Amino acid sequence: MKGHERINDLLVDFALGQLSGEQELAVKAHLEQCQQCKCELRRLKALLEHTEQIRNSSASPQMCRSAKQAILAAVEAEQAEPASGQSISLEFMWRTIVKSRITQLAAVVAIVLAACWLTVSDRGELEQQETNGLAVAVISKTPAELVSAISLSMVFRDGDMEAMEKQFDKAEKKVRPGLKERITIEQLICELEECEEI
Amino acid sequence: MTKEKESFQELINDYSRKVLNTAIRILGNREKALDVHQEVFLAIWRRWHKYDSRTNWNAYLYRTTVRKALAFAKRPGTRTLAEHQATYPAGKEKPDELLRTAELQQRIAKCLTRLSKRQAEVFVMSRMEGLKTEKIAEILGCSQETVRVHLHRAIKRLAVELSDYLK
């Protein structure tokens, strides 16, 4: 059996004519007494013969010419497309930007920022607004409410996250005394993004 | 004509025939081979700016064409006798023999899609394209021994899978 497996492993190379003289003789001797290997060799040879036949098929010069023409025509067509494609994509981009909630958020932030710098000068009043903003953020349900509340809160601390979070805790207690789970600004923004996806 | 387009046209002139031949040999169908040719070169054109003078086009096109043709072979659809006769007009076989050969070729293509990508590539390059082991190793960037192992496995597996057709 061990001899059979060893010879069986050599059958592909035998069919390909890649064995040494000694190995070839051993395979031939085995084939005389092993019907299984004989059948396998017949299949291997049929497969190799067929694939060699396939090798003879090739494209005619006319086919090559038409293939070249077709690809060059396709390239021409692709080159002609970008002008209209570009305007479509610009239009699409503009529509996407205008409709995006992120853009709306940025717009609200910008408006609130401008309004604050122009109208609010009293720090006490400002802090009150900030706390209110956070409070609204905690209880707000719609994206629009979230946008205005977060933007109000974010504006007044100039990116001071630690101080902002303290204020946030304060606002949480004020609005929802029973609220145990801490909501972070990041979570709120994630929520906003989820709303946008919907 | 732009410089880019000129060099692309040069590439087509140099390799168009090779790509078509490989696709025909795998698929046995001229129409599909033309589709493969179109898709391969269009894909290259779309990424033209990414290639440079170091690109080994021979290796790249061989591998891309084999993979693309095998992707086509996966798609459903049977080849008719007329299509096969159109592909092999010089054959002297009788219609039933031709049909059997056509079926076998189609089966080989399908079976090739079930081999590993490397095995299929090696089988196509060695048996259908007649490339030498050394050349295949260079194209695939592996050793000649690896090529031999892949070829051995591919032939064995194809012979088993096609046993009904190879009596």
# chains A, B, ... in the order shown; residues from 1 in each chain; ligands from 1
call {"tool": "closest_atom_pairs", "arguments": {"of": "chain A", "to": "chain B", "cutoff": "8 Å", "atoms": "only C-alpha atoms", "output": "tab-separated table"}}
result
residue	atom	partner	partner_atom	distance
A:Val12	CA	B:His152	CA	6.3
A:Asp13	CA	B:His152	CA	7.7
A:Glu40	CA	B:Ala159	CA	7.8
A:Arg42	CA	B:Lys167	CA	7.4
A:Arg43	CA	B:Leu166	CA	5.1
A:Leu44	CA	B:Ala159	CA	5.7
A:Ala46	CA	B:Leu166	CA	5.9
A:Leu47	CA	B:Ala159	CA	6.6
A:Leu48	CA	B:Arg127	CA	7.2
A:Thr51	CA	B:Met128	CA	5.6
A:Glu52	CA	B:Met128	CA	6.3
A:Ile54	CA	B:Arg25	CA	5.7
A:Arg55	CA	B:Met128	CA	4.9
A:Ser57	CA	B:Arg25	CA	6.5
A:Ser58	CA	B:Asn21	CA	4.9
A:Ala59	CA	B:Asn21	CA	5.6
A:Cys64	CA	B:Arg17	CA	5.9
A:Ala67	CA	B:Leu34	CA	6.2
A:Lys68	CA	B:Ile12	CA	6.8
A:Ala70	CA	B:Gln38	CA	7.3
A:Ile71	CA	B:Gln38	CA	5.7
A:Leu72	CA	B:Gln9	CA	7.8
A:Ala74	CA	B:Leu42	CA	7.6
A:Val75	CA	B:Leu42	CA	7.0
call {"tool": "select_by_dssp", "arguments": {"residues": "segment 29-164 of chain B", "states": "helix (DSSP H, G or I)", "output": "ChimeraX atom specification"}}
result
/B:30-46,48-50,57-74,81-87,95-114,117-128,133-140,144-161
call {"tool": "atom_distance", "arguments": {"atom1": "atom CA of Met125 of chain B", "atom2": "atom CA of Lys32 of chain B"}}
result
19.0 Å
call {"tool": "atom_distance", "arguments": {"atom1": "atom CA of Gln36 of chain A", "atom2": "atom CA of Glu24 of chain A"}}
result
17.4 Å
call {"tool": "atom_distance", "arguments": {"atom1": "atom CA of Ala73 of chain B", "atom2": "atom CA of Thr113 of chain B"}}
result
7.3 Å
call {"tool": "closest_residue", "arguments": {"among": "B:Asn58, B:Arg63, B:Arg47, B:Asn29", "to": "Ala109 of chain B", "atoms": "only C-alpha atoms"}}
result
B:Asn29
